[in-house]
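Structure data follow from protein_8.txt (compact mmCIF, C-alpha atoms and all ligand atoms):
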# COMPACT_ATOMS: atom_id res chain seq x y z
CA MET A 26 -21.73 -16.29 -6.62
CA THR A 27 -24.16 -14.40 -8.85
CA GLU A 28 -22.83 -12.02 -11.52
CA GLN A 29 -24.05 -9.07 -9.45
CA THR A 30 -22.34 -10.29 -6.24
CA GLU A 31 -19.11 -10.79 -8.17
CA PHE A 32 -19.44 -7.30 -9.66
CA ASN A 33 -19.91 -5.75 -6.20
CA GLN A 34 -16.94 -7.67 -4.80
CA GLY A 35 -14.84 -6.34 -7.68
CA LEU A 36 -16.06 -2.81 -6.91
CA ILE A 37 -15.17 -3.20 -3.23
CA ASP A 38 -11.69 -4.47 -4.12
CA PHE A 39 -11.20 -1.58 -6.56
CA LEU A 40 -12.26 1.02 -3.97
CA HIS A 41 -9.95 -0.49 -1.37
CA ALA A 42 -6.95 -0.64 -3.72
CA SER A 43 -7.45 2.94 -4.97
CA PRO A 44 -6.74 5.41 -2.12
CA SER A 45 -5.53 8.06 -4.60
CA PRO A 46 -6.39 8.95 -8.24
CA ALA A 47 -3.03 7.54 -9.38
CA HIS A 48 -3.81 4.24 -7.67
CA ALA A 49 -7.24 4.15 -9.33
CA VAL A 50 -5.61 4.69 -12.74
CA LEU A 51 -3.08 1.92 -12.05
CA MET A 52 -5.85 -0.50 -11.06
CA MET A 53 -7.71 0.31 -14.27
CA GLU A 54 -4.54 -0.19 -16.33
CA LYS A 55 -4.08 -3.64 -14.78
CA GLN A 56 -7.61 -4.68 -15.74
CA LEU A 57 -7.21 -3.28 -19.25
CA ALA A 58 -3.92 -5.12 -19.76
CA LYS A 59 -5.51 -8.34 -18.52
CA ALA A 60 -8.26 -7.91 -21.12
CA GLY A 61 -5.68 -7.56 -23.91
CA TYR A 62 -5.73 -3.76 -24.21
CA GLN A 63 -2.43 -2.11 -25.17
CA ALA A 64 -0.84 0.97 -23.59
CA LEU A 65 -0.21 3.94 -25.89
CA ASN A 66 2.20 6.80 -25.35
CA GLU A 67 1.06 10.27 -26.44
CA SER A 68 4.58 11.18 -27.55
CA GLU A 69 4.73 8.37 -30.12
CA GLU A 70 3.19 7.83 -33.57
CA TRP A 71 0.18 5.53 -33.30
CA GLN A 72 -0.62 2.60 -35.64
CA LEU A 73 -4.04 1.40 -34.51
CA THR A 74 -5.82 -1.82 -35.49
CA PRO A 75 -9.63 -2.05 -35.75
CA GLY A 76 -11.10 -4.25 -33.02
CA GLN A 77 -8.12 -3.71 -30.70
CA GLY A 78 -8.36 -1.99 -27.31
CA TYR A 79 -5.89 0.68 -26.12
CA TRP A 80 -5.36 3.07 -23.23
CA VAL A 81 -3.52 6.34 -22.63
CA THR A 82 -2.79 8.10 -19.34
CA ARG A 83 -1.87 11.69 -18.51
CA GLY A 84 0.02 12.59 -15.37
CA ALA A 85 -0.70 9.00 -14.22
CA ARG A 86 -3.98 10.38 -12.80
CA SER A 87 -6.30 10.63 -15.83
CA ILE A 88 -6.97 7.80 -18.26
CA ILE A 89 -8.70 7.22 -21.59
CA ALA A 90 -9.37 3.64 -22.68
CA PHE A 91 -10.99 2.80 -25.99
CA ARG A 92 -11.70 -0.09 -28.26
CA LEU A 93 -11.69 0.65 -31.97
CA GLY A 94 -14.76 -0.47 -33.87
CA GLU A 95 -14.63 -2.27 -37.20
CA GLN A 96 -15.89 0.87 -38.96
CA PRO A 97 -14.30 4.36 -39.13
CA VAL A 98 -15.35 6.66 -36.28
CA ALA A 99 -16.56 9.23 -38.82
CA ASP A 100 -19.25 6.75 -39.91
CA THR A 101 -20.42 5.60 -36.47
CA GLY A 102 -19.44 8.24 -33.89
CA VAL A 103 -17.86 7.19 -30.59
CA ARG A 104 -19.79 5.72 -27.66
CA MET A 105 -18.25 7.53 -24.73
CA MET A 106 -18.52 7.13 -20.99
CA GLY A 107 -16.99 9.63 -18.58
CA ALA A 108 -16.18 9.72 -14.86
CA HIS A 109 -13.61 11.24 -12.51
CA THR A 110 -10.76 9.64 -10.57
CA ASP A 111 -10.45 12.21 -7.76
CA SER A 112 -12.34 12.54 -4.49
CA PRO A 113 -12.27 15.30 -1.89
CA CYS A 114 -9.52 14.68 0.65
CA LEU A 115 -6.76 16.21 2.75
CA LYS A 116 -3.47 16.66 0.86
CA VAL A 117 -0.10 16.98 2.54
CA LYS A 118 1.63 20.36 2.12
CA PRO A 119 5.19 20.48 0.65
CA LYS A 120 6.78 21.52 3.95
CA ALA A 121 4.29 19.76 6.11
CA GLU A 122 5.92 18.97 9.44
CA LEU A 123 4.60 20.78 12.50
CA LEU A 124 5.69 20.28 16.09
CA ARG A 125 2.97 21.53 18.45
CA GLN A 126 2.70 20.60 22.13
CA GLY A 127 5.19 17.79 21.56
CA CYS A 128 3.04 16.30 18.79
CA LEU A 129 4.35 15.67 15.29
CA GLN A 130 1.69 16.76 12.83
CA LEU A 131 1.44 17.28 9.08
CA GLY A 132 -0.11 20.42 7.64
CA VAL A 133 -2.79 19.65 5.07
CA GLU A 134 -4.61 21.44 2.28
CA VAL A 135 -8.28 20.73 1.78
CA TYR A 136 -8.73 19.29 -1.73
CA GLY A 137 -12.25 19.87 -3.10
CA GLY A 138 -15.48 20.19 -1.13
CA VAL A 139 -14.60 17.93 1.80
CA LEU A 140 -17.28 17.27 4.42
CA LEU A 141 -14.82 17.89 7.25
CA HIS A 142 -16.44 16.58 10.44
CA PRO A 143 -16.32 12.88 9.46
CA TRP A 144 -12.51 13.12 9.13
CA PHE A 145 -12.11 13.32 12.89
CA ASP A 146 -11.35 10.15 14.90
CA ARG A 147 -10.50 8.04 11.85
CA ASP A 148 -7.50 5.75 11.49
CA LEU A 149 -5.72 7.53 8.66
CA SER A 150 -3.04 6.44 6.24
CA LEU A 151 -1.23 8.12 3.34
CA ALA A 152 -1.10 7.34 -0.37
CA GLY A 153 -0.06 8.97 -3.62
CA GLN A 154 2.85 9.73 -5.93
CA ILE A 155 6.42 10.25 -4.73
CA HIS A 156 9.17 11.80 -6.85
CA PHE A 157 12.69 10.88 -5.79
CA ARG A 158 16.29 10.58 -6.90
CA ASN A 159 17.52 7.00 -7.00
CA GLU A 160 20.99 5.88 -6.03
CA ALA A 161 22.14 6.22 -9.67
CA GLY A 162 21.17 9.91 -9.47
CA GLN A 163 18.10 9.68 -11.74
CA LEU A 164 14.86 11.48 -10.99
CA THR A 165 12.06 8.92 -10.89
CA SER A 166 8.65 8.36 -9.34
CA ALA A 167 6.60 5.65 -7.68
CA LEU A 168 3.20 5.12 -6.15
CA LEU A 169 3.06 4.54 -2.45
CA ASP A 170 0.26 3.30 -0.22
CA ILE A 171 1.33 3.05 3.42
CA LYS A 172 -1.79 0.96 4.24
CA GLN A 173 -1.11 1.08 8.00
CA PRO A 174 -2.96 3.67 10.10
CA ILE A 175 -0.23 6.23 10.87
CA ALA A 176 -2.22 9.30 11.88
CA ILE A 177 -5.42 10.55 13.48
CA ILE A 178 -7.28 13.85 13.87
CA PRO A 179 -8.73 13.58 17.39
CA SER A 180 -11.94 15.51 17.91
CA LEU A 181 -12.24 17.99 20.75
CA ALA A 182 -14.03 16.48 23.79
CA ILE A 183 -17.60 17.68 24.25
CA HIS A 184 -16.64 18.93 27.74
CA LEU A 185 -14.35 21.47 26.08
CA ASN A 186 -16.97 22.56 23.57
CA ARG A 187 -20.48 22.28 25.00
CA GLU A 188 -21.94 23.70 21.78
CA ALA A 189 -20.42 20.93 19.64
CA ASN A 190 -23.77 19.31 18.78
CA LYS A 191 -25.47 22.62 18.05
CA SER A 192 -22.89 24.58 16.15
CA SER A 193 -19.41 23.47 15.42
CA THR A 194 -17.07 24.91 12.83
CA VAL A 195 -13.80 23.47 11.57
CA ASN A 196 -10.89 25.79 10.86
CA ALA A 197 -8.91 23.90 8.21
CA GLN A 198 -5.62 25.56 9.09
CA LEU A 199 -5.86 25.05 12.84
CA HIS A 200 -8.02 22.00 13.43
CA LEU A 201 -7.14 19.53 10.69
CA PRO A 202 -3.42 18.69 10.86
CA PRO A 203 -3.36 14.94 11.61
CA ILE A 204 -1.14 13.79 14.51
CA LEU A 205 1.49 11.17 13.70
CA GLY A 206 3.26 10.85 17.04
CA VAL A 207 4.32 12.42 20.32
CA ASP A 208 7.67 13.19 21.95
CA MET A 209 9.65 13.57 18.75
CA SER A 210 12.62 15.11 20.58
CA GLU A 211 14.83 12.17 19.53
CA THR A 212 14.35 12.90 15.84
CA GLY A 213 15.73 16.46 16.09
CA SER A 214 14.30 18.93 13.58
CA PRO A 215 10.90 17.69 12.45
CA SER A 216 11.32 19.29 9.01
CA LEU A 217 12.88 16.16 7.49
CA VAL A 218 10.72 13.56 9.18
CA LEU A 219 8.23 13.00 6.37
CA ARG A 220 10.81 12.74 3.59
CA SER A 221 12.95 10.29 5.55
CA LEU A 222 9.86 8.20 6.39
CA LEU A 223 8.87 8.20 2.73
CA ALA A 224 12.39 7.10 1.73
CA THR A 225 12.21 4.22 4.23
CA TRP A 226 8.78 3.12 3.02
CA LEU A 227 9.93 3.27 -0.61
CA ARG A 228 13.03 1.18 0.19
CA ASP A 229 10.81 -1.32 2.00
CA ALA A 230 8.79 -1.55 -1.21
CA GLY A 231 11.96 -2.41 -3.14
CA HIS A 232 12.95 0.99 -4.62
CA SER A 233 16.47 2.41 -4.76
CA VAL A 234 16.14 5.82 -3.10
CA ALA A 235 18.77 8.48 -2.42
CA ASP A 236 16.50 11.51 -1.79
CA VAL A 237 12.78 12.14 -1.78
CA ILE A 238 12.26 15.36 -3.74
CA ASP A 239 8.50 15.90 -3.86
CA TYR A 240 5.15 14.18 -3.50
CA ASP A 241 1.41 14.35 -4.07
CA LEU A 242 0.00 12.57 -1.03
CA CYS A 243 -3.48 12.36 0.39
CA PHE A 244 -4.68 11.06 3.70
CA TYR A 245 -7.34 8.38 3.59
CA ASP A 246 -9.38 6.24 5.98
CA THR A 247 -7.97 2.71 6.43
CA GLN A 248 -11.36 1.17 7.20
CA PRO A 249 -12.08 -1.14 4.24
CA PRO A 250 -15.31 -0.82 2.23
CA ALA A 251 -18.17 -3.02 3.44
CA LEU A 252 -21.60 -4.31 2.50
CA VAL A 253 -23.97 -2.97 5.16
CA GLY A 254 -27.68 -3.42 6.00
CA LEU A 255 -29.94 -6.29 7.06
CA ASP A 256 -29.90 -7.58 3.53
CA GLN A 257 -26.56 -6.02 2.52
CA GLU A 258 -28.48 -3.31 0.67
CA PHE A 259 -25.69 -0.76 0.98
CA ILE A 260 -22.06 -0.34 0.06
CA SER A 261 -20.24 1.82 2.57
CA SER A 262 -16.84 3.17 1.52
CA ALA A 263 -14.66 6.18 0.89
CA ARG A 264 -14.48 7.58 -2.67
CA LEU A 265 -17.75 6.09 -3.99
CA ASP A 266 -17.95 9.52 -5.66
CA ASN A 267 -16.64 8.79 -8.18
CA LEU A 268 -14.65 5.57 -8.27
CA LEU A 269 -17.96 3.72 -8.42
CA SER A 270 -18.48 5.24 -11.86
CA CYS A 271 -14.87 4.61 -12.99
CA TYR A 272 -15.23 0.94 -12.11
CA THR A 273 -18.70 0.63 -13.63
CA GLY A 274 -17.60 2.30 -16.88
CA LEU A 275 -14.54 0.06 -17.07
CA LYS A 276 -16.61 -3.08 -16.52
CA ALA A 277 -19.06 -2.01 -19.25
CA LEU A 278 -16.20 -1.29 -21.68
CA LEU A 279 -14.59 -4.68 -21.04
CA HIS A 280 -17.78 -6.74 -20.78
CA SER A 281 -18.07 -8.22 -24.28
CA HIS A 282 -14.81 -6.93 -25.63
CA GLN A 283 -14.05 -10.00 -27.67
CA GLN A 284 -17.23 -9.69 -29.69
CA PRO A 285 -16.67 -7.51 -32.83
CA GLN A 286 -18.39 -4.09 -32.74
CA ALA A 287 -19.00 -1.65 -35.58
CA ALA A 288 -18.63 1.45 -33.38
CA THR A 289 -15.70 2.58 -31.23
CA SER A 290 -16.35 2.73 -27.49
CA LEU A 291 -14.36 4.85 -25.04
CA LEU A 292 -14.05 5.54 -21.33
CA VAL A 293 -12.50 8.77 -20.03
CA CYS A 294 -11.74 9.20 -16.32
CA ASN A 295 -10.33 12.62 -15.42
CA ASP A 296 -8.62 13.93 -12.33
CA HIS A 297 -9.44 17.38 -10.88
CA GLU A 298 -13.24 17.26 -11.19
CA GLU A 299 -13.61 18.10 -7.51
CA VAL A 300 -11.71 21.35 -8.01
CA GLY A 301 -13.46 22.49 -11.19
CA SER A 302 -11.73 20.37 -13.91
CA ALA A 303 -9.52 23.22 -15.21
CA SER A 304 -6.11 21.56 -15.64
CA ALA A 305 -4.02 19.82 -18.31
CA ILE A 306 -5.42 16.47 -17.20
CA GLY A 307 -8.89 17.64 -16.07
CA ALA A 308 -12.06 17.52 -18.17
CA GLU A 309 -11.63 21.17 -19.18
CA GLY A 310 -8.17 20.41 -20.56
CA PRO A 311 -7.50 19.05 -24.05
CA PHE A 312 -6.98 15.36 -23.18
CA LEU A 313 -10.20 13.88 -24.59
CA GLU A 314 -10.30 16.17 -27.62
CA SER A 315 -6.72 15.35 -28.58
CA ILE A 316 -7.36 11.60 -28.40
CA LEU A 317 -10.56 11.94 -30.45
CA ARG A 318 -8.67 13.96 -33.08
CA ARG A 319 -6.04 11.24 -33.37
CA LEU A 320 -8.77 8.62 -33.81
CA SER A 321 -10.70 10.51 -36.46
CA GLY A 322 -8.21 11.71 -39.07
CA ASN A 323 -8.95 15.02 -40.81
CA GLU A 324 -11.23 17.85 -39.70
CA GLN A 325 -14.21 16.68 -41.82
CA GLN A 326 -13.98 13.24 -40.28
CA TYR A 327 -13.60 14.70 -36.79
CA GLN A 328 -16.72 16.82 -37.19
CA ARG A 329 -18.71 13.92 -38.64
CA MET A 330 -17.62 11.77 -35.68
CA ILE A 331 -18.61 14.41 -33.10
CA ALA A 332 -22.05 14.84 -34.67
CA GLN A 333 -22.81 11.14 -34.22
CA SER A 334 -21.24 10.59 -30.80
CA LEU A 335 -22.82 10.45 -27.35
CA LEU A 336 -21.14 10.85 -23.97
CA ILE A 337 -22.73 9.31 -20.88
CA SER A 338 -21.15 11.29 -18.05
CA CYS A 339 -21.39 9.20 -14.88
CA ASP A 340 -21.09 10.86 -11.48
CA ASN A 341 -22.99 9.86 -8.37
CA ALA A 342 -26.26 11.63 -7.52
CA HIS A 343 -27.77 12.68 -4.19
CA ALA A 344 -30.26 10.07 -2.98
CA ILE A 345 -33.12 11.35 -0.85
CA HIS A 346 -32.22 10.99 2.84
CA PRO A 347 -35.09 9.92 5.15
CA ASN A 348 -33.85 12.24 7.93
CA TYR A 349 -33.53 15.24 5.61
CA ALA A 350 -36.20 14.55 2.99
CA ASP A 351 -37.03 18.26 2.65
CA LYS A 352 -33.70 18.80 0.89
CA HIS A 353 -35.14 17.25 -2.27
CA ASP A 354 -37.87 18.29 -4.69
CA ASP A 355 -40.95 16.15 -3.93
CA ASN A 356 -41.01 14.58 -7.38
CA HIS A 357 -37.26 14.26 -7.91
CA GLY A 358 -35.86 12.49 -4.87
CA PRO A 359 -33.87 9.50 -6.16
CA LYS A 360 -34.06 6.39 -4.00
CA ILE A 361 -31.25 3.99 -3.13
CA ASN A 362 -31.37 0.77 -5.18
CA ALA A 363 -33.94 2.20 -7.57
CA GLY A 364 -31.58 2.55 -10.53
CA PRO A 365 -29.35 5.13 -12.19
CA VAL A 366 -30.37 8.77 -11.90
CA ILE A 367 -30.75 11.04 -14.94
CA LYS A 368 -29.68 14.52 -13.80
CA VAL A 369 -31.47 17.51 -15.28
CA ASN A 370 -30.84 21.23 -14.80
CA ALA A 371 -32.41 23.92 -16.97
CA ASN A 372 -29.44 26.19 -16.29
CA GLN A 373 -27.03 23.64 -17.80
CA ARG A 374 -25.23 22.66 -14.61
CA TYR A 375 -25.99 19.22 -16.06
CA ALA A 376 -25.65 18.69 -19.80
CA THR A 377 -28.66 16.37 -20.15
CA SER A 378 -31.14 17.35 -22.87
CA SER A 379 -34.58 15.81 -23.37
CA GLU A 380 -33.06 13.94 -26.35
CA THR A 381 -30.11 12.48 -24.42
CA SER A 382 -32.34 11.70 -21.43
CA ALA A 383 -34.68 9.77 -23.74
CA LEU A 384 -31.69 7.89 -25.19
CA PHE A 385 -30.37 6.93 -21.75
CA SER A 386 -33.79 5.79 -20.53
CA SER A 387 -34.04 3.62 -23.66
CA PHE A 388 -30.70 1.99 -22.72
CA CYS A 389 -32.15 1.25 -19.26
CA ASP A 390 -35.23 -0.26 -20.92
CA MET A 391 -33.03 -2.42 -23.17
CA ALA A 392 -31.13 -3.61 -20.08
CA LYS A 393 -34.39 -4.06 -18.11
CA VAL A 394 -33.17 -1.88 -15.24
CA PRO A 395 -35.09 0.93 -13.51
CA TYR A 396 -34.04 4.59 -13.73
CA GLN A 397 -35.01 7.82 -11.97
CA HIS A 398 -34.62 11.58 -12.31
CA PHE A 399 -32.96 14.27 -10.21
CA VAL A 400 -33.70 17.98 -10.39
CA VAL A 401 -32.45 20.15 -7.53
CA ARG A 402 -35.05 22.08 -5.50
CA SER A 403 -35.84 25.35 -7.27
CA ASP A 404 -34.76 27.31 -4.18
CA MET A 405 -31.34 25.64 -3.97
CA GLY A 406 -28.16 25.86 -6.04
CA CYS A 407 -27.17 22.92 -8.21
CA GLY A 408 -23.86 21.05 -8.27
CA SER A 409 -22.13 20.21 -11.52
CA THR A 410 -19.84 17.62 -13.05
CA ILE A 411 -17.69 16.82 -16.09
CA GLY A 412 -20.68 16.44 -18.47
CA PRO A 413 -21.33 20.14 -19.20
CA ILE A 414 -17.58 20.81 -19.46
CA ALA A 415 -16.94 18.04 -21.98
CA GLY A 416 -20.10 18.99 -23.89
CA THR A 417 -19.03 22.64 -24.08
CA LYS A 418 -15.50 21.79 -25.22
CA LEU A 419 -16.39 19.19 -27.83
CA GLY A 420 -19.89 20.12 -28.94
CA VAL A 421 -20.92 16.52 -28.36
CA ARG A 422 -24.26 15.26 -27.04
CA VAL A 423 -24.11 14.45 -23.33
CA VAL A 424 -26.35 12.88 -20.73
CA ASP A 425 -25.43 13.31 -17.05
CA VAL A 426 -26.32 10.29 -14.96
CA GLY A 427 -25.10 8.60 -11.78
CA ALA A 428 -25.78 6.05 -9.09
CA PRO A 429 -27.70 7.52 -6.12
CA GLN A 430 -25.76 7.83 -2.86
CA TRP A 431 -25.89 9.41 0.58
CA SER A 432 -23.20 11.38 2.43
CA MET A 433 -21.42 12.64 -0.68
CA HIS A 434 -17.90 13.98 0.04
CA SER A 435 -17.78 12.41 3.50
CA ILE A 436 -14.77 10.24 4.33
CA ARG A 437 -17.27 7.35 4.28
CA GLU A 438 -20.12 7.41 1.78
CA THR A 439 -23.10 5.10 1.29
CA ALA A 440 -24.55 3.81 -1.98
CA GLY A 441 -26.94 0.98 -2.85
CA SER A 442 -25.59 -2.46 -3.61
CA LYS A 443 -27.83 -2.74 -6.70
CA ASP A 444 -27.27 0.65 -8.31
CA ALA A 445 -23.72 0.29 -9.67
CA TRP A 446 -24.80 -3.01 -11.19
CA TYR A 447 -27.92 -1.42 -12.75
CA LEU A 448 -25.77 1.37 -14.16
CA SER A 449 -23.31 -1.13 -15.65
CA GLN A 450 -26.18 -2.94 -17.38
CA ALA A 451 -27.45 0.30 -18.92
CA LEU A 452 -23.92 1.23 -20.09
CA GLN A 453 -23.49 -2.22 -21.65
CA ALA A 454 -26.76 -1.77 -23.55
CA PHE A 455 -25.41 1.59 -24.83
CA ILE A 456 -22.15 0.06 -26.03
CA TYR A 457 -23.21 -3.34 -27.26
CA GLU A 458 -26.92 -3.19 -28.09
CA TRP A 459 -27.78 0.32 -29.27
CA GLU A 460 -28.16 0.48 -33.03
CA GLY A 461 -27.20 4.15 -33.13
CA ASP A 462 -29.07 6.98 -34.80
ZN ZN B 1 -18.31 13.43 -8.30
Kindly present the structure from the file in structure tokens form.
Amino acid sequence: MTEQTEFNQGLIDFLHASPSPAHAVLMMEKQLAKAGYQALNESEEWQLTPGQGYWVTRGARSIIAFRLGEQPVADTGVRMMGAHTDSPCLKVKPKAELLRQGCLQLGVEVYGGVLLHPWFDRDLSLAGQIHFRNEAGQLTSALLDIKQPIAIIPSLAIHLNREANKSSTVNAQLHLPPILGVDMSETGSPSLVLRSLLATWLRDAGHSVADVIDYDLCFYDTQPPALVGLDQEFISSARLDNLLSCYTGLKALLHSHQQPQAATSLLVCNDHEEVGSASAIGAEGPFLESILRRLSGNEQQYQRMIAQSLLISCDNAHAIHPNYADKHDDNHGPKINAGPVIKVNANQRYATSSETSALFSSFCDMAKVPYQHFVVRSDMGCGSTIGPIAGTKLGVRVVDVGAPQWSMHSIRETAGSKDAWYLSQALQAFIYEWEGD
């Protein structure tokens, strides 16, 4: 197996094992622990050792991992990579059970900018965090991934909507509640069905459960990720935006972690990017800043560190689609498997400057990987990501980049099987080869 094939297999395993942000964070913690990194608790006093790796989580859904350099951060700055752990999905409402036409359904909220149509006719399962009281009466929590397909949102037959292929709208309140079963008359009131199912599943997983109190659960597609194409050119999966970048950043951080480094390197993966990042654990919250302050010491040292740092914010980019090529600017249509994309927007929807773009392209050159540029058409609005938010909060230099992909925010997205690898090589050059400025 080549290094690249092994990398892609690891990415596929990570995507499959991470149906929710909390699962993605747990998977990252496992890899960090395996590499000798140590968990830190924000409520404790920290005694940190140069050369050692550490990680911190918030809300179990955002994570910062870093490895201290041999020199103080005020002298070298911090080499930062950023990504987000969340993906658009359907989240289960607190009182979710619905009984309509003899069908048990769960009411869902749309989380983020979901492309809704692909959610129909998929074999769905549930995953996320459950908060419950155990048999000793203590409030506790656990992660749950049902894994089995337990629900489906059937589409309406074309015979009942002849306009379906011309114009079809989805009403999120009416049309999205997934169906879990029929003829629930035996179970009595449906209002307790979900909590009692959750309690059973938790017990099956070995937990002591008296009562399920609350949860943060999302539906997901059970179809595993796959390599697709005549030459396996593509990776097809849910949540490529942006677990691809979480995995790639993690792999870059851990790549040569035994070899001593002068500068500190850091990976931040935030939840809540898909809903604007404004939360205690999102990129607009204080998580990254508070960790950087703890690493730097006094205010002078903090400011000196910020002035020398660089954040590579990684979030997938829109690849040009052969069937919809007019949606891209002629000169800025990134191609699949043609390398990481540097995202530029004059109106600062991306934080890239000509300086940080030049730096990132030099990392690609060092790693001998191609790179490309994305600028949205001048007659279209531009998306955004965590880069401008982190840059605004910290005053740090940022470059926004990402692997090109199709079908962003669909329940099944497509990326190139070379691009995550190319991105990881560029990030490794940034962390391990760049001499700094
Ligand atoms: Zn994203």
Find the nearest atom pair between each residue of chain A and ligand ZN 1 (chain B) for residues within 6 Å, count all atoms listed in the file, give distances in Å to one decimal, sort rows by chain and ascending number, and present the table as a tab-separated table.
residue	atom	partner	partner_atom	distance
A:Asp266	CA	B:ZN1	ZN	4.7
A:Asn267	CA	B:ZN1	ZN	4.9
A:Asp340	CA	B:ZN1	ZN	4.9
A:Asn341	CA	B:ZN1	ZN	5.9
Which residues come within 7 Å of Gln130 (chain A), counting all atoms listed in the file, excluding same-chain residues fewer than 3 positions away, as a PDB file with C-alpha atoms, in the coordinates of the input?
ATOM      1  CA  GLU A 122       5.920  18.970   9.440  1.00  0.00           C
ATOM      2  CA  LEU A 123       4.600  20.780  12.500  1.00  0.00           C
ATOM      3  CA  LEU A 124       5.690  20.280  16.090  1.00  0.00           C
ATOM      4  CA  PRO A 202      -3.420  18.690  10.860  1.00  0.00           C
ATOM      5  CA  PRO A 203      -3.360  14.940  11.610  1.00  0.00           C
ATOM      6  CA  ILE A 204      -1.140  13.790  14.510  1.00  0.00           C
ATOM      7  CA  LEU A 205       1.490  11.170  13.700  1.00  0.00           C
TER       8      LEU A 205
END
If you count all atoms listed in the file, which residues fall within 10 Å of region 366-371 of chain A, apart from same-chain ones fewer than 5 positions away, as a ChimeraX atom specification? /A:339-344,357-360,376-379,381-383,385-386,395-401,403,407-409,424-429,444,448
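Between Pro250 (chain A) and the residues A:Val50, A:Asn196, A:Arg437, A:Glu31, the shortest atom-to-atom distance, using only C-alpha atoms, involves A:Arg437.
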Nearest residue to Glu95 (chain A) from the set A:Gly441, A:Gly274, A:Gly310, A:Pro285 (distances using only C-alpha atoms): A:Pro285
Taking into account only C-alpha atoms, which residue in the set A:Glu54, A:Glu28, A:Asp111, A:Asp462 is nearest to Gly307 (chain A)? A:Asp111
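Around the coordinate (-7.0, 6.0, 5.5), residues that reach within 10 Å when counting all atoms listed in the file are His41, Pro44, Trp144, Arg147, Asp148, Leu149, Ser150, Leu151, Ala152, Asp170, Ile171, Lys172, Gln173, Pro174, Ile175, Ala176, Ile177, Cys243, Phe244, Tyr245, Asp246, Thr247, Gln248, Pro249, Ala263 and Ile436 of chain A.
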Taking into account all atoms listed in the file, which residue in the set A:Thr194, A:Ser304, A:Gln453, A:Thr289 is nearest to Thr101 (chain A)?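 Checking each candidate against Thr101 (chain A), we get A:Thr289 as the closest.
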